[in-house]
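Containing CSV, C-alpha atoms and all ligand atoms: work_19.csv.
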```csv
chain,number,residue,atom,x,y,z
T,266,MET,CA,0.0,21.4,2.7
T,267,LYS,CA,2.8,20.0,0.5
T,268,LYS,CA,2.1,17.6,-2.4
T,269,LEU,CA,3.4,14.1,-2.1
T,270,TYR,CA,1.9,12.6,-5.2
T,271,LYS,CA,0.6,14.1,-8.4
T,272,LEU,CA,-0.9,11.9,-11.0
T,273,GLU,CA,-1.3,13.6,-14.4
T,274,ASN,CA,-3.4,12.1,-17.2
T,275,ILE,CA,-2.6,8.6,-16.3
T,276,ASN,CA,-3.5,5.9,-18.8
T,277,LEU,CA,-2.7,2.2,-18.4
T,278,ASN,CA,-3.3,-0.3,-21.2
T,279,TYR,CA,-2.5,-4.0,-21.0
T,280,HIS,CA,-1.9,-5.8,-24.3
T,281,VAL,CA,-3.7,-9.2,-24.2
T,282,SER,CA,-3.8,-11.6,-27.2
T,283,GLY,CA,-3.6,-8.8,-29.8
T,284,ASN,CA,-6.0,-6.4,-28.0
T,285,ASP,CA,-5.3,-3.4,-25.9
T,286,ILE,CA,-7.3,-3.4,-22.7
T,287,LYS,CA,-7.7,0.1,-21.3
T,288,VAL,CA,-7.4,-0.4,-17.6
T,289,LEU,CA,-6.9,3.2,-16.4
T,290,LYS,CA,-8.2,6.2,-18.3
T,291,ASN,CA,-7.1,9.8,-17.7
T,292,ILE,CA,-6.6,9.6,-14.0
T,293,ASN,CA,-5.7,12.9,-12.3
T,294,PHE,CA,-5.3,13.5,-8.6
T,295,VAL,CA,-3.0,14.9,-5.9
T,296,ILE,CA,-2.2,13.4,-2.5
T,297,LYS,CA,-0.9,15.8,0.1
T,298,ARG,CA,1.5,15.0,2.8
T,299,ASN,CA,-0.1,13.5,5.9
T,300,GLU,CA,-3.3,12.9,3.9
T,301,ARG,CA,-5.3,9.7,4.1
T,302,VAL,CA,-7.0,8.7,0.8
T,303,ALA,CA,-9.4,5.7,0.3
T,304,ILE,CA,-9.7,4.2,-3.2
T,305,VAL,CA,-13.0,2.4,-3.7
T,306,GLY,CA,-14.5,0.8,-6.8
T,307,GLU,CA,-15.9,-2.5,-8.1
T,308,SER,CA,-13.7,-5.5,-8.8
T,309,GLY,CA,-11.8,-4.9,-12.0
T,310,SER,CA,-12.2,-1.1,-11.8
T,311,GLY,CA,-8.4,-0.7,-11.7
T,312,LYS,CA,-7.6,-0.1,-8.0
T,313,THR,CA,-4.7,-2.6,-7.7
T,314,SER,CA,-3.3,-1.3,-11.1
T,315,LEU,CA,-3.3,2.2,-9.7
T,316,LEU,CA,-1.3,1.2,-6.7
T,317,MET,CA,1.2,-0.7,-8.9
T,318,LEU,CA,1.8,2.5,-10.8
T,319,MET,CA,2.1,4.6,-7.6
T,320,SER,CA,4.6,2.2,-6.2
T,321,GLY,CA,6.6,2.3,-9.4
T,322,LEU,CA,6.3,-1.4,-9.9
T,323,GLU,CA,4.3,-0.7,-13.1
T,324,ARG,CA,4.7,2.1,-15.6
T,325,PRO,CA,1.8,4.0,-17.2
T,326,THR,CA,1.1,3.8,-20.9
T,327,LYS,CA,0.6,7.6,-20.9
T,328,GLY,CA,0.9,10.3,-18.3
T,329,SER,CA,3.1,11.2,-15.5
T,330,ILE,CA,3.5,10.3,-11.8
T,331,PHE,CA,5.3,12.8,-9.6
T,332,PHE,CA,6.5,11.7,-6.2
T,333,ASN,CA,7.9,14.6,-4.2
T,334,ASN,CA,8.1,16.5,-7.5
T,335,GLU,CA,10.2,13.8,-9.0
T,336,ASN,CA,8.8,12.4,-12.3
T,337,PHE,CA,8.8,8.6,-12.1
T,338,SER,CA,9.3,8.3,-15.8
T,339,GLU,CA,12.3,10.5,-15.8
T,340,ILE,CA,14.3,8.4,-13.3
T,341,ASN,CA,15.7,5.0,-13.9
T,342,GLU,CA,14.5,1.6,-12.5
T,343,LYS,CA,17.2,1.6,-9.9
T,344,GLU,CA,16.2,5.1,-8.6
T,345,ARG,CA,12.5,4.1,-8.5
T,346,THR,CA,13.4,1.0,-6.5
T,347,GLN,CA,15.3,3.1,-4.0
T,348,ILE,CA,12.3,5.4,-3.6
T,349,ARG,CA,10.0,2.4,-3.2
T,350,LYS,CA,12.2,0.8,-0.6
T,351,LYS,CA,12.9,3.9,1.5
T,352,LYS,CA,9.8,6.0,1.2
T,353,ILE,CA,6.9,3.8,0.3
T,354,GLY,CA,5.4,1.1,2.5
T,355,LEU,CA,3.4,-1.6,0.7
T,356,ILE,CA,0.8,-3.8,2.3
T,357,PHE,CA,-1.2,-6.3,0.3
T,358,GLN,CA,-4.2,-8.5,0.9
T,359,GLN,CA,-1.9,-11.5,1.0
T,360,PHE,CA,0.5,-10.9,3.8
T,361,TYR,CA,3.7,-12.2,2.0
T,362,LEU,CA,5.5,-12.9,5.3
T,363,LEU,CA,8.6,-15.0,5.2
T,364,PRO,CA,7.3,-18.4,6.3
T,365,ASN,CA,10.5,-19.6,8.1
T,366,TYR,CA,11.1,-16.3,9.9
T,367,THR,CA,9.4,-15.4,13.2
T,368,ALA,CA,7.2,-12.4,13.5
T,369,LEU,CA,10.1,-10.5,15.0
T,370,GLU,CA,12.5,-11.6,12.3
T,371,ASN,CA,10.0,-10.7,9.6
T,372,VAL,CA,9.9,-7.1,10.9
T,373,MET,CA,13.7,-7.0,11.4
T,374,PHE,CA,14.5,-8.2,7.9
T,375,PRO,CA,13.8,-5.1,5.8
T,376,MET,CA,15.6,-3.0,8.4
T,377,GLN,CA,18.7,-5.2,8.2
T,378,ILE,CA,18.7,-5.0,4.4
T,379,ASN,CA,18.5,-1.2,4.7
T,380,SER,CA,21.3,-1.1,7.3
T,381,ILE,CA,19.0,0.4,10.0
T,382,ASP,CA,20.6,0.2,13.5
T,383,ASP,CA,19.0,-1.2,16.6
T,384,GLU,CA,16.6,-3.3,14.4
T,385,LYS,CA,15.7,-5.8,17.1
T,386,ARG,CA,14.6,-3.3,19.7
T,387,LYS,CA,12.7,-1.3,17.0
T,388,ALA,CA,11.0,-4.4,15.7
T,389,SER,CA,9.9,-5.6,19.1
T,390,SER,CA,8.7,-2.1,20.1
T,391,ILE,CA,6.5,-1.8,17.0
T,392,LEU,CA,5.1,-5.3,17.4
T,393,SER,CA,4.4,-4.6,21.0
T,394,ASP,CA,2.7,-1.3,20.0
T,395,ILE,CA,0.3,-3.3,17.8
T,396,GLY,CA,-0.5,-5.8,20.5
T,397,LEU,CA,1.9,-8.6,19.5
T,398,ALA,CA,4.4,-8.6,22.3
T,399,HIS,CA,3.4,-12.2,23.1
T,400,ARG,CA,3.9,-13.4,19.6
T,401,LEU,CA,7.4,-12.2,18.7
T,402,ASN,CA,8.8,-15.7,18.3
T,403,ASN,CA,6.0,-17.3,16.5
T,404,LEU,CA,6.2,-18.3,12.8
T,405,PRO,CA,3.5,-16.8,10.5
T,406,SER,CA,1.8,-20.2,10.3
T,407,GLU,CA,1.3,-20.0,14.1
T,408,LEU,CA,-0.5,-16.7,13.8
T,409,SER,CA,-4.1,-15.8,13.0
T,410,GLY,CA,-4.9,-13.9,9.8
T,411,GLY,CA,-5.3,-10.7,11.8
T,412,GLU,CA,-2.0,-11.2,13.6
T,413,GLN,CA,-0.2,-11.9,10.3
T,414,GLN,CA,-1.6,-8.7,8.8
T,415,ARG,CA,-0.5,-6.8,11.8
T,416,VAL,CA,3.0,-8.2,11.3
T,417,ALA,CA,2.9,-7.0,7.7
T,418,ILE,CA,1.8,-3.6,8.9
T,419,ALA,CA,4.7,-3.5,11.4
T,420,ARG,CA,7.1,-4.4,8.7
T,421,ALA,CA,5.8,-1.6,6.4
T,422,ILE,CA,5.9,0.9,9.2
T,423,SER,CA,9.4,-0.1,10.5
T,424,LEU,CA,11.1,1.7,7.6
T,425,GLU,CA,9.3,4.9,8.5
T,426,PRO,CA,8.0,5.5,4.9
T,427,GLU,CA,6.4,8.7,3.8
T,428,ILE,CA,3.4,6.9,2.6
T,429,ILE,CA,1.8,3.5,2.9
T,430,LEU,CA,0.0,2.0,-0.1
T,431,ALA,CA,-2.4,-0.7,1.2
T,432,ASP,CA,-4.3,-2.9,-1.2
T,433,GLU,CA,-7.4,-4.3,0.6
T,434,PRO,CA,-5.3,-5.0,3.8
T,435,THR,CA,-8.4,-6.3,5.6
T,436,GLY,CA,-9.9,-8.2,2.7
T,437,ASN,CA,-9.0,-11.6,4.2
T,438,LEU,CA,-10.1,-10.7,7.8
T,439,ASP,CA,-13.3,-11.1,9.8
T,440,ARG,CA,-15.2,-8.1,11.0
T,441,LYS,CA,-13.5,-7.8,14.3
T,442,ASN,CA,-10.0,-8.0,12.8
T,443,THR,CA,-11.0,-5.7,10.0
T,444,GLU,CA,-11.8,-3.0,12.5
T,445,LEU,CA,-8.7,-3.7,14.6
T,446,VAL,CA,-6.3,-3.7,11.7
T,447,SER,CA,-7.8,-0.7,9.9
T,448,ASP,CA,-7.9,1.4,13.0
T,449,LEU,CA,-4.3,0.5,13.7
T,450,LEU,CA,-3.3,1.7,10.2
T,451,LEU,CA,-5.2,4.9,10.5
T,452,ASP,CA,-3.9,5.6,14.0
T,453,TYR,CA,-0.3,5.0,12.9
T,454,SER,CA,-0.9,7.2,9.9
T,455,TYR,CA,-2.0,10.1,12.2
T,456,LYS,CA,0.5,9.5,14.9
T,457,LYS,CA,3.6,9.2,12.7
T,458,LYS,CA,2.2,11.6,10.0
T,459,ILE,CA,2.5,8.9,7.3
T,460,SER,CA,0.3,9.4,4.3
T,461,LEU,CA,-2.0,6.5,3.5
T,462,VAL,CA,-3.6,5.2,0.4
T,463,LEU,CA,-6.1,2.5,1.3
T,464,VAL,CA,-7.9,0.4,-1.3
T,465,THR,CA,-11.0,-1.0,0.3
T,466,HIS,CA,-14.5,-2.3,-0.3
T,467,ASN,CA,-15.5,-1.2,3.2
T,468,MET,CA,-17.3,2.2,3.0
T,469,THR,CA,-17.2,2.7,6.8
T,470,LEU,CA,-13.5,2.5,6.6
T,471,ALA,CA,-13.2,4.6,3.5
T,472,LYS,CA,-15.2,7.4,5.2
T,473,LYS,CA,-12.7,7.5,8.0
T,474,CYS,CA,-10.1,8.8,5.5
T,475,ASP,CA,-9.7,12.5,4.5
T,476,LYS,CA,-10.7,11.8,0.9
T,477,VAL,CA,-12.4,9.0,-1.1
T,478,ILE,CA,-11.5,8.4,-4.8
T,479,LYS,CA,-14.1,6.3,-6.6
T,480,LEU,CA,-12.9,4.3,-9.6
T,481,LEU,CA,-15.5,3.2,-12.1
T,482,ASP,CA,-14.3,1.2,-15.1
T,483,GLY,CA,-10.8,2.8,-15.0
T,484,HIS,CA,-12.2,6.4,-14.6
T,485,ILE,CA,-12.4,8.5,-11.5
T,486,LYS,CA,-16.1,9.0,-10.8
T,487,VAL,CA,-16.9,12.4,-9.5
S,1,LIG,N1,-1.2,-8.0,-16.0
S,1,LIG,C1,-2.4,-7.8,-16.5
S,1,LIG,N2,-2.6,-8.1,-17.8
S,1,LIG,C2,-3.8,-7.9,-18.4
S,1,LIG,N3,-4.9,-7.4,-17.8
S,1,LIG,C3,-4.7,-7.1,-16.5
S,1,LIG,C4,-3.5,-7.3,-15.8
S,1,LIG,N4,-3.7,-6.8,-14.5
S,1,LIG,C5,-5.0,-6.4,-14.4
S,1,LIG,N5,-5.6,-6.5,-15.6
S,1,LIG,C6,-7.0,-6.1,-15.9
S,1,LIG,O1,-7.1,-4.8,-15.5
S,1,LIG,C7,-8.4,-4.6,-14.9
S,1,LIG,C8,-8.2,-3.9,-13.6
S,1,LIG,O2,-7.6,-4.8,-12.7
S,1,LIG,P1,-7.2,-4.5,-11.2
S,1,LIG,O3,-6.5,-5.7,-10.6
S,1,LIG,O4,-6.5,-3.2,-11.1
S,1,LIG,O5,-8.7,-4.3,-10.6
S,1,LIG,P2,-9.1,-4.1,-9.0
S,1,LIG,O6,-10.0,-2.9,-9.0
S,1,LIG,O7,-8.0,-4.1,-8.1
S,1,LIG,O8,-10.1,-5.3,-8.8
S,1,LIG,P3,-10.3,-6.2,-7.4
S,1,LIG,O9,-11.2,-5.4,-6.5
S,1,LIG,O10,-10.9,-7.4,-7.9
S,1,LIG,O11,-9.0,-6.4,-6.8
S,1,LIG,C9,-9.1,-5.9,-14.9
S,1,LIG,O12,-10.0,-5.9,-15.9
S,1,LIG,C10,-8.0,-6.9,-15.1
S,1,LIG,O13,-8.5,-8.0,-15.7
S,2,MG,MG,-7.3,-5.4,-6.6
```
Could I get this file's structure written as structure tokens?
Ligand SMILES: Nc1ncnc2c1ncn2[C@@H]1O[C@H](COP(=O)(O)OP(=O)(O)OP(=O)(O)O)[C@@H](O)[C@H]1O
Ligand SMILES: [Mg+2]
Amino acid sequence: MKKLYKLENINLNYHVSGNDIKVLKNINFVIKRNERVAIVGESGSGKTSLLMLMSGLERPTKGSIFFNNENFSEINEKERTQIRKKKIGLIFQQFYLLPNYTALENVMFPMQINSIDDEKRKASSILSDIGLAHRLNNLPSELSGGEQQRVAIARAISLEPEIILADEPTGNLDRKNTELVSDLLLDYSYKKKISLVLVTHNMTLAKKCDKVIKLLDGHIKV
């Protein structure tokens, strides 16, 4: 299978009040196309930081990140942003939906920015797929937490990314919604052959992925 990501000797330090905090230490791994990877580890172990690097929103102190054989550090900010917008879907624990836009408009919006045709039909079709056909015209404040996260997933999927990076997407949901939302993400990933990196504290969910990476204090625990 072809490589999608390669992380090589990644180190990330933050400089806080005169001290260097070593957040990630010598991280190496590969993610193949159409592979689902769970990242687990205690609070503060560096999971979110790792996703920030993989999305190109943050740059490593040392080491290289290759995405489709392209070295993130050898391309400029504009090119990284293009890759992030077109090829990487981001889902966070907070849903970050636009509060004054309906569910449908929230999913249409990124497609409009990216000049994708037929955005209304596509958005309503994805939202219907994930069980929200009856909520298209509701504002986020009129939706439950699980419904809001499903809208966020629909938004990420709508651009047909090569990979979805999801940071504890079910962290704010109850058990029933956790299962619903995570199964939905996994199903989509299989159906559309979209790779998935899923940060989670939920081991049952992690075990449904093809590979589990355990972070311990910024290291990969083997
Ligand atoms: N911008 C920052 N400046 C300084 N330190 C930071 C910054 N962001 C994160 N850190 C530190 O880096 C470490 C890893 O943080 P990170 O958010 O990656 O952890 P995490 O594994 O996602 O934790 P959680 O499960 O609580 O979300 C923590 O010790 C945190 O305090
Ligand atoms: Mg985190």
Using all atoms listed in the file for the distances, tell me which of T:Ser454, T:Thr313, T:Ser389, T:Ser282 is nearest to ligand MG 2 (chain S). T:Thr313
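Restricting the calculation to only C-alpha atoms and all ligand atoms, the smallest distance between ligand MG 2 (chain S) and any of T:Ile330, T:Leu480, T:Ile296, T:Cys474 is found for T:Leu480.
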Point-to-point distance from atom CA of T:Gly396 to atom CA of T:Ala368, Å rounded to tenths: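 That distance, rounded to one decimal, is 12.3 Å.
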Counting all atoms listed in the file, the residue among T:Ile286, T:Ile485, T:Val462, T:Val305 that lies closest to ligand MG 2 (chain S) is T:Val305
Pick out the residues no farther than 8 Å from ligand MG 2 (chain S), counting all atoms listed in the file, and list them as a VMD selection string. chain T and resid 308 to 309 311 to 314 432 to 433 464
Give me, as a tab-separated table, each residue of chain T that comes within 12 Å of ligand LIG 1 (chain S), together with its shortest interatomic pair and the distance in Å at one decimal, counting only C-alpha atoms and all ligand atoms, with rows ordered by chain and rising residue number.
```
residue	atom	partner	partner_atom	distance
T:Asn276	CA	S:LIG1	O1	11.8
T:Leu277	CA	S:LIG1	O1	8.8
T:Asn278	CA	S:LIG1	N3	8.0
T:Tyr279	CA	S:LIG1	C2	4.9
T:His280	CA	S:LIG1	C2	6.5
T:Val281	CA	S:LIG1	C2	5.9
T:Ser282	CA	S:LIG1	C2	9.5
T:Gly283	CA	S:LIG1	C2	11.4
T:Asn284	CA	S:LIG1	C2	10.0
T:Asp285	CA	S:LIG1	C2	8.9
T:Ile286	CA	S:LIG1	N3	6.8
T:Lys287	CA	S:LIG1	O1	7.6
T:Val288	CA	S:LIG1	O1	4.9
T:Leu289	CA	S:LIG1	C8	7.7
T:Lys290	CA	S:LIG1	C8	11.1
T:Ile304	CA	S:LIG1	O6	9.2
T:Val305	CA	S:LIG1	O6	8.1
T:Gly306	CA	S:LIG1	O6	6.2
T:Glu307	CA	S:LIG1	O9	5.7
T:Ser308	CA	S:LIG1	O9	3.4
T:Gly309	CA	S:LIG1	O5	3.5
T:Ser310	CA	S:LIG1	O6	4.0
T:Gly311	CA	S:LIG1	O4	3.2
T:Lys312	CA	S:LIG1	O6	3.8
T:Thr313	CA	S:LIG1	O7	3.6
T:Ser314	CA	S:LIG1	O4	3.7
T:Leu315	CA	S:LIG1	O4	6.4
T:Leu316	CA	S:LIG1	O4	8.1
T:Met317	CA	S:LIG1	O4	8.4
T:Leu318	CA	S:LIG1	O4	10.1
T:Leu322	CA	S:LIG1	N1	11.7
T:Glu323	CA	S:LIG1	N1	9.6
T:Arg324	CA	S:LIG1	N1	11.7
T:Phe357	CA	S:LIG1	O11	10.5
T:Gln358	CA	S:LIG1	O11	9.3
T:Gln359	CA	S:LIG1	O11	11.7
T:Ala431	CA	S:LIG1	O7	11.4
T:Asp432	CA	S:LIG1	O7	7.9
T:Glu433	CA	S:LIG1	O11	7.9
T:Pro434	CA	S:LIG1	O11	11.3
T:Gly436	CA	S:LIG1	O9	9.7
T:Leu463	CA	S:LIG1	O7	11.6
T:Val464	CA	S:LIG1	O7	8.2
T:Thr465	CA	S:LIG1	O9	8.1
T:His466	CA	S:LIG1	O9	7.7
T:Asn467	CA	S:LIG1	O9	11.4
T:Lys479	CA	S:LIG1	O6	10.4
T:Leu480	CA	S:LIG1	O6	7.8
T:Leu481	CA	S:LIG1	O6	8.8
T:Asp482	CA	S:LIG1	C8	8.1
T:Gly483	CA	S:LIG1	C8	7.3
T:His484	CA	S:LIG1	O6	11.1
T:Ile485	CA	S:LIG1	O6	11.9
```
Proximity to T:Glu342 - best of T:Ser460, T:Thr435, T:Ser320, T:Thr443, only C-alpha atoms: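 Ranking T:Ser460, T:Thr435, T:Ser320, T:Thr443 by distance to T:Glu342, first place goes to T:Ser320.
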Given all atoms listed in the file, how would the per-residue table for stretch 304-387 of chain T near stretch 401-423 of chain T read, listing every residue at most 10 Å away with its closest atom pair and distance in Å to one decimal, sorted by chain and number, as a tab-separated table?
```
residue	atom	partner	partner_atom	distance
T:Lys350	CA	T:Ala421	CA	9.8
T:Ile353	CA	T:Ala421	CA	8.2
T:Gly354	CA	T:Ala421	CA	4.8
T:Leu355	CA	T:Ala421	CA	6.2
T:Ile356	CA	T:Ala417	CA	6.6
T:Phe357	CA	T:Ala417	CA	8.5
T:Gln358	CA	T:Gln414	CA	8.3
T:Gln359	CA	T:Gln414	CA	8.3
T:Phe360	CA	T:Gln414	CA	5.9
T:Tyr361	CA	T:Ala417	CA	7.8
T:Leu362	CA	T:Pro405	CA	6.8
T:Leu363	CA	T:Pro405	CA	7.6
T:Pro364	CA	T:Pro405	CA	5.9
T:Asn365	CA	T:Leu404	CA	6.5
T:Tyr366	CA	T:Leu404	CA	6.0
T:Thr367	CA	T:Leu404	CA	4.3
T:Ala368	CA	T:Leu401	CA	5.2
T:Leu369	CA	T:Leu401	CA	4.9
T:Glu370	CA	T:Asn402	CA	8.2
T:Asn371	CA	T:Arg420	CA	7.0
T:Val372	CA	T:Arg420	CA	4.5
T:Met373	CA	T:Arg420	CA	7.6
T:Phe374	CA	T:Arg420	CA	8.4
T:Pro375	CA	T:Arg420	CA	7.3
T:Met376	CA	T:Ser423	CA	7.2
T:Ile381	CA	T:Ser423	CA	9.6
T:Glu384	CA	T:Ser423	CA	8.8
T:Lys387	CA	T:Ser423	CA	7.4
```
Could you jot down the atom CA of T:Leu269 to atom CA of T:Arg349 separation for me, Å, one decimal place?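 Separation of atom CA of T:Leu269 and atom CA of T:Arg349: 13.5 Å.
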Selection: 7 Å around T:Val477, only C-alpha atoms, excl. self and same-chain fewer than 6 positions, as a list in words: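 Contacts, with the query itself left out: Val302, Ala303, Ile304 and Ala471 of chain T.
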Please write the residues from the selection above to a file, keeping C-alpha atoms, as a PDB file, keeping the file's coordinate frame.
```
ATOM      1  CA  VAL T 302      -7.000   8.700   0.800  1.00  0.00           C
ATOM      2  CA  ALA T 303      -9.400   5.700   0.300  1.00  0.00           C
ATOM      3  CA  ILE T 304      -9.700   4.200  -3.200  1.00  0.00           C
ATOM      4  CA  ALA T 471     -13.200   4.600   3.500  1.00  0.00           C
TER       5      ALA T 471
END
```
Would you pick out the contacts of T:Lys473 at 9 Å or less, using all atoms listed in the file, so that residues sharing its chain but fewer than 4 positions from it are not included, and give the list as a PyMOL selection string? chain T and resi 301+303+451+468-469
Taking into account all atoms listed in the file, which residue in the set T:Lys476, T:Leu430, T:Ser393, T:Val487 is nearest to T:Met319?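 Nearest candidate to T:Met319 out of T:Lys476, T:Leu430, T:Ser393, T:Val487: T:Leu430.
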May I ask for the distance between atom CA of T:Gln377 and atom CA of T:Lys343, given in Å to one decimal place?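 Taking atom CA of T:Gln377 and atom CA of T:Lys343, their separation equals 19.4 Å.
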So which residues are close to (9.5, 14.1, -9.4), meaning at most 12 Å away in the file's coordinates with only C-alpha atoms counted, and can you show them as a PyMOL selection string? chain T and resi 268-273+329-341+344-345+348
Would you please work out which residue, of T:Lys267, T:Lys351, T:Gly321, T:Leu450, is nearest to T:Val295 when using all atoms listed in the file?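 That would be T:Lys267, the residue with the smallest distance to T:Val295.
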